[in-house]
$ cat input.cif   # mmCIF, C-alpha atoms and all ligand atoms
data_structure
#
loop_
_atom_site.group_PDB
_atom_site.id
_atom_site.type_symbol
_atom_site.label_atom_id
_atom_site.label_comp_id
_atom_site.auth_asym_id
_atom_site.auth_seq_id
_atom_site.Cartn_x
_atom_site.Cartn_y
_atom_site.Cartn_z
ATOM 1 C CA MET A 1 -6.442 27.765 -9.816
ATOM 2 C CA SER A 2 -6.162 30.580 -12.281
ATOM 3 C CA THR A 3 -2.613 29.685 -13.303
ATOM 4 C CA TYR A 4 -0.706 26.650 -14.497
ATOM 5 C CA PHE A 5 2.986 25.909 -14.825
ATOM 6 C CA TYR A 6 5.275 23.762 -16.909
ATOM 7 C CA TYR A 7 8.964 23.193 -17.591
ATOM 8 C CA GLN A 8 10.108 25.225 -20.587
ATOM 9 C CA GLU A 9 12.796 23.009 -22.119
ATOM 10 C CA ARG A 10 14.429 25.661 -24.265
ATOM 11 C CA ALA A 11 14.744 28.233 -21.484
ATOM 12 C CA LYS A 12 15.542 25.457 -18.956
ATOM 13 C CA GLU A 13 13.233 26.997 -16.395
ATOM 14 C CA TRP A 14 9.697 26.702 -15.068
ATOM 15 C CA TRP A 15 7.074 29.099 -16.368
ATOM 16 C CA LEU A 16 3.881 30.145 -14.645
ATOM 17 C CA LEU A 17 1.099 31.119 -17.020
ATOM 18 C CA THR A 18 -2.395 32.498 -16.757
ATOM 19 C CA VAL A 19 -5.168 30.511 -18.459
ATOM 20 C CA GLU A 20 -4.932 33.080 -21.240
ATOM 21 C CA GLY A 21 -1.315 32.004 -21.765
ATOM 22 C CA ARG A 22 0.453 35.053 -20.365
ATOM 23 C CA VAL A 23 3.717 34.255 -18.551
ATOM 24 C CA VAL A 24 3.471 35.756 -15.052
ATOM 25 C CA ALA A 25 6.521 34.193 -13.379
ATOM 26 C CA ARG A 26 9.613 32.122 -14.070
ATOM 27 C CA ALA A 27 11.691 29.971 -11.726
ATOM 28 C CA LYS A 28 14.666 27.643 -11.768
ATOM 29 C CA THR A 29 13.117 24.928 -9.615
ATOM 30 C CA ARG A 30 9.747 23.209 -9.348
ATOM 31 C CA PRO A 31 9.173 24.133 -5.662
ATOM 32 C CA GLU A 32 9.848 27.767 -6.486
ATOM 33 C CA ILE A 33 7.321 27.876 -9.338
ATOM 34 C CA ILE A 34 4.753 26.114 -7.128
ATOM 35 C CA ARG A 35 5.399 28.736 -4.438
ATOM 36 C CA GLN A 36 4.811 31.492 -6.985
ATOM 37 C CA SER A 37 1.647 29.855 -8.211
ATOM 38 C CA LEU A 38 0.249 29.321 -4.695
ATOM 39 C CA ARG A 39 1.157 32.862 -3.673
ATOM 40 C CA GLN A 40 -1.284 34.002 -6.343
ATOM 41 C CA ASP A 41 -3.960 31.348 -6.048
ATOM 42 C CA CYS A 42 -3.915 29.745 -2.632
ATOM 43 C CA PRO A 43 -1.620 31.489 -0.107
ATOM 44 C CA GLU A 44 -3.070 29.589 2.859
ATOM 45 C CA ALA A 45 -2.062 26.262 1.291
ATOM 46 C CA LEU A 46 1.427 27.637 0.700
ATOM 47 C CA ALA A 47 1.807 28.529 4.384
ATOM 48 C CA LEU A 48 0.598 25.094 5.476
ATOM 49 C CA ALA A 49 2.891 23.255 3.053
ATOM 50 C CA GLU A 50 5.898 25.230 4.233
ATOM 51 C CA ARG A 51 5.128 24.350 7.849
ATOM 52 C CA TRP A 52 4.677 20.657 7.073
ATOM 53 C CA ILE A 53 7.899 20.567 5.061
ATOM 54 C CA GLN A 54 9.794 22.289 7.842
ATOM 55 C CA ASN A 55 8.672 19.552 10.228
ATOM 56 C CA TYR A 56 8.967 16.679 7.752
ATOM 57 C CA PRO A 57 11.600 17.517 5.104
ATOM 58 C CA GLN A 58 11.315 13.981 3.720
ATOM 59 C CA LEU A 59 7.774 14.874 2.572
ATOM 60 C CA SER A 60 8.922 17.938 0.649
ATOM 61 C CA SER A 61 8.257 16.978 -2.982
ATOM 62 C CA ARG A 62 5.010 15.180 -2.081
ATOM 63 C CA CYS A 63 3.827 18.180 -0.047
ATOM 64 C CA TRP A 64 4.330 20.491 -3.007
ATOM 65 C CA SER A 65 2.381 18.160 -5.252
ATOM 66 C CA ALA A 66 -0.349 17.868 -2.595
ATOM 67 C CA THR A 67 -0.842 21.630 -2.502
ATOM 68 C CA ILE A 68 -1.401 21.639 -6.256
ATOM 69 C CA ILE A 69 -3.868 18.749 -6.038
ATOM 70 C CA TYR A 70 -5.696 20.530 -3.224
ATOM 71 C CA ALA A 71 -5.639 23.966 -4.876
ATOM 72 C CA ARG A 72 -7.005 22.503 -8.113
ATOM 73 C CA GLY A 73 -9.979 21.135 -6.202
ATOM 74 C CA HIS A 74 -9.061 17.505 -6.915
ATOM 75 C CA VAL A 75 -10.071 16.213 -3.466
ATOM 76 C CA CYS A 76 -13.667 14.924 -3.414
ATOM 77 C CA PRO A 77 -15.540 13.294 -0.530
ATOM 78 C CA ASN A 78 -16.267 9.664 -1.264
ATOM 79 C CA GLY A 79 -18.905 8.798 1.315
ATOM 80 C CA GLY A 80 -17.935 7.726 4.791
ATOM 81 C CA TYR A 81 -15.657 9.288 7.338
ATOM 82 C CA GLY A 82 -12.262 10.292 6.041
ATOM 83 C CA ARG A 83 -12.887 8.734 2.619
ATOM 84 C CA TYR A 84 -11.943 10.583 -0.516
ATOM 85 C CA ARG A 85 -11.566 10.257 -4.234
ATOM 86 C CA VAL A 86 -8.576 12.190 -5.472
ATOM 87 C CA LEU A 87 -8.003 13.136 -9.053
ATOM 88 C CA SER A 88 -4.307 12.828 -9.895
ATOM 89 C CA GLN A 89 -2.243 15.976 -10.300
ATOM 90 C CA LYS A 90 -2.617 15.924 -14.079
ATOM 91 C CA GLY A 91 -6.228 14.815 -13.861
ATOM 92 C CA GLU A 92 -5.626 11.488 -15.602
ATOM 93 C CA ARG A 93 -6.378 9.045 -12.797
ATOM 94 C CA ILE A 94 -8.576 8.727 -9.729
ATOM 95 C CA TYR A 95 -7.264 7.278 -6.474
ATOM 96 C CA GLU A 96 -9.242 6.144 -3.456
ATOM 97 C CA VAL A 97 -7.943 7.544 -0.180
ATOM 98 C CA ASP A 98 -8.770 6.680 3.390
ATOM 99 C CA ALA A 99 -7.401 9.555 5.480
ATOM 100 C CA ARG A 100 -8.332 8.171 8.903
ATOM 101 C CA PRO A 101 -5.051 7.856 10.828
ATOM 102 C CA GLN A 102 -5.432 4.195 11.717
ATOM 103 C CA PHE A 103 -6.444 3.189 8.159
ATOM 104 C CA ARG A 104 -4.500 5.761 6.189
ATOM 105 C CA SER A 105 -4.153 4.408 2.659
ATOM 106 C CA CYS A 106 -4.226 5.259 -1.033
ATOM 107 C CA THR A 107 -4.562 3.136 -4.147
ATOM 108 C CA CYS A 108 -1.649 4.887 -5.919
ATOM 109 C CA PRO A 109 1.636 3.092 -6.755
ATOM 110 C CA ASP A 110 3.654 5.416 -4.527
ATOM 111 C CA PHE A 111 1.729 4.273 -1.464
ATOM 112 C CA GLY A 112 2.107 0.634 -2.501
ATOM 113 C CA ASN A 113 5.862 1.078 -2.955
ATOM 114 C CA ALA A 114 6.369 2.491 0.540
ATOM 115 C CA TRP A 115 7.367 -0.827 2.055
ATOM 116 C CA THR A 116 9.135 -2.311 -0.955
ATOM 117 C CA SER A 117 11.163 0.531 -2.448
ATOM 118 C CA ARG A 118 13.244 3.337 -1.028
ATOM 119 C CA PHE A 119 11.589 5.576 -3.629
ATOM 120 C CA GLY A 120 8.115 4.853 -2.238
ATOM 121 C CA ALA A 121 6.099 7.211 -0.028
ATOM 122 C CA PRO A 122 7.871 8.034 3.275
ATOM 123 C CA ILE A 123 6.492 6.153 6.253
ATOM 124 C CA ILE A 124 5.516 8.522 9.060
ATOM 125 C CA ASN A 125 4.424 6.985 12.342
ATOM 126 C CA GLY A 126 3.866 3.607 10.783
ATOM 127 C CA ARG A 127 1.815 4.670 7.729
ATOM 128 C CA PRO A 128 3.034 5.915 4.336
ATOM 129 C CA LEU A 129 2.120 9.444 3.255
ATOM 130 C CA CYS A 130 1.678 9.949 -0.485
ATOM 131 C CA LYS A 131 0.714 13.250 -2.118
ATOM 132 C CA HIS A 132 -2.948 12.208 -2.399
ATOM 133 C CA ILE A 133 -3.272 11.521 1.327
ATOM 134 C CA LEU A 134 -1.474 14.790 2.074
ATOM 135 C CA ALA A 135 -3.927 16.635 -0.210
ATOM 136 C CA CYS A 136 -6.848 15.117 1.747
ATOM 137 C CA LEU A 137 -5.267 16.082 5.076
ATOM 138 C CA MET A 138 -4.834 19.586 3.717
ATOM 139 C CA ASP A 139 -8.506 19.645 2.718
ATOM 140 C CA GLU A 140 -9.501 18.455 6.210
ATOM 141 C CA HIS A 141 -7.250 21.060 7.799
ATOM 142 C CA PHE A 142 -9.019 23.914 5.985
ATOM 143 C CA ALA A 143 -12.498 22.439 6.451
ATOM 144 C CA LYS A 144 -11.783 22.336 10.161
ATOM 145 C CA LYS A 145 -10.555 25.945 10.094
ATOM 146 C CA ARG A 146 -13.785 26.988 8.398
ATOM 147 C CA GLY A 147 -15.624 25.358 11.275
ATOM 148 C CA GLU A 148 -17.129 22.579 9.190
ATOM 149 C CA GLN A 149 -18.213 19.517 11.071
ATOM 150 C CA LEU A 150 -15.840 16.649 10.437
ATOM 151 C CA PRO A 151 -16.277 13.161 11.726
ATOM 152 C CA SER A 152 -14.252 12.669 14.876
ATOM 153 C CA SER A 153 -12.307 9.836 13.280
ATOM 154 C CA SER A 154 -10.816 12.121 10.664
ATOM 155 C CA LEU A 155 -10.180 15.016 13.023
ATOM 156 C CA ASN A 156 -7.313 13.247 14.648
ATOM 157 C CA SER A 157 -5.305 13.259 11.475
ATOM 158 C CA PHE A 158 -1.706 13.773 10.474
ATOM 159 C CA GLU A 159 -1.232 17.074 12.277
ATOM 160 C CA GLU A 160 -2.611 16.170 15.660
ATOM 161 C CA ALA A 161 -1.073 12.747 15.555
ATOM 162 C CA HIS A 162 2.330 14.136 14.719
ATOM 163 C CA ASP A 163 2.321 17.661 16.201
ATOM 164 C CA VAL A 164 2.740 19.236 12.783
ATOM 165 C CA ASP A 165 0.364 22.073 13.640
ATOM 166 C CA SER A 166 2.066 23.079 16.862
HETATM 167 ZN ZN ZN B 201 -1.572 8.250 -3.277
#
$ encode --input "input.cif" --output "structure tokens"
Amino acid sequence: MSTYFYYQERAKEWWLLTVEGRVVARAKTRPEIIRQSLRQDCPEALALAERWIQNYPQLSSRCWSATIIYARGHVCPNGGYGRYRVLSQKGERIYEVDARPQFRSCTCPDFGNAWTSRFGAPIINGRPLCKHILACLMDEHFAKKRGEQLPSSSLNSFEEAHDVDS
């Protein structure tokens, strides 16, 4: 991504900056500044996130974070079908993700909290969806669009299982 954003305390708004530090957009809310940033850097991820959120509003904040993780190139194959290493949004931690529908899991606290806290990752069709898993599913979605060969086990992911793409 050629831009980054942060909350400007004094102005009480989100600022989008180029790597050179030039402010290119401002917004009142986090989703709006992410939209602005994706419009510039990764419009296809923006379109996909908006479709997913329309179908699953409970995933909204995690979907926005996932687009940033994806657009920053933080999703890395980890050997094996549907396996990934995902660098956290701020790049401070690495989580192990299994994106195969039947094994869908992540080593992050949000995934672990899904069954024990109402603030944990929303459970969709029996498995929690955290932002790291969503970022991997996004990566798979675009790999598939580019015609890359994906293992059959990971093809039947979130979208096909839940009609998100229809
Ligand atoms: Zn996670």
$ residues_near_ligand --input "input.cif" --ligand "ligand ZN 201 (chain B)" --cutoff "12 Å" --atoms "only C-alpha atoms and all ligand atoms" --output "PyMOL selection string"
chain A and resi 62-63+65-66+69+75+84-89+93-99+104-114+120-122+128-136
$ resolve_selection --input "input.cif" --expression "the PyMOL selection byres (((chain A and resi 9-12) around 12) and not hetatm)" --output "count of residues only"
11
$ closest_residue --input "input.cif" --among "A:Ala143, A:Val23, A:Ile68, A:Leu137" --to "Gly82 of chain A" --atoms "all atoms listed in the file"
A:Leu137
$ atom_distance --input "input.cif" --atom1 "atom CA of Leu17 of chain A" --atom2 "atom CA of Ala47 of chain A"
21.6 Å
$ atom_distance --input "input.cif" --atom1 "atom CA of Cys76 of chain A" --atom2 "atom CA of Asn125 of chain A"
25.3 Å
$ atom_distance --input "input.cif" --atom1 "atom CA of Gln149 of chain A" --atom2 "atom CA of Gly126 of chain A"
27.2 Å
$ closest_residue --input "input.cif" --among "A:Gln102, A:Thr67, A:Asn78, A:Ser117" --to "Asp41 of chain A" --atoms "only C-alpha atoms"
A:Thr67
$ closest_residue --input "input.cif" --among "A:Arg51, A:Arg118, A:Arg83, A:Lys90" --to "Glu140 of chain A" --atoms "only C-alpha atoms"
A:Arg83
$ resolve_selection --input "input.cif" --expression "the PyMOL selection byres (((chain A and resi 21) around 12) and not hetatm)" --output "ChimeraX atom specification"
/A:2-6,15-20,22-25
$ resolve_selection --input "input.cif" --expression "the PyMOL selection byres (((chain A and resi 49) around 12) and not hetatm)" --output "PyMOL selection string"
chain A and resi 31+34-35+38-39+42-48+50-57+59-68+70-71+131+134-135+137-139+141+159+164-165
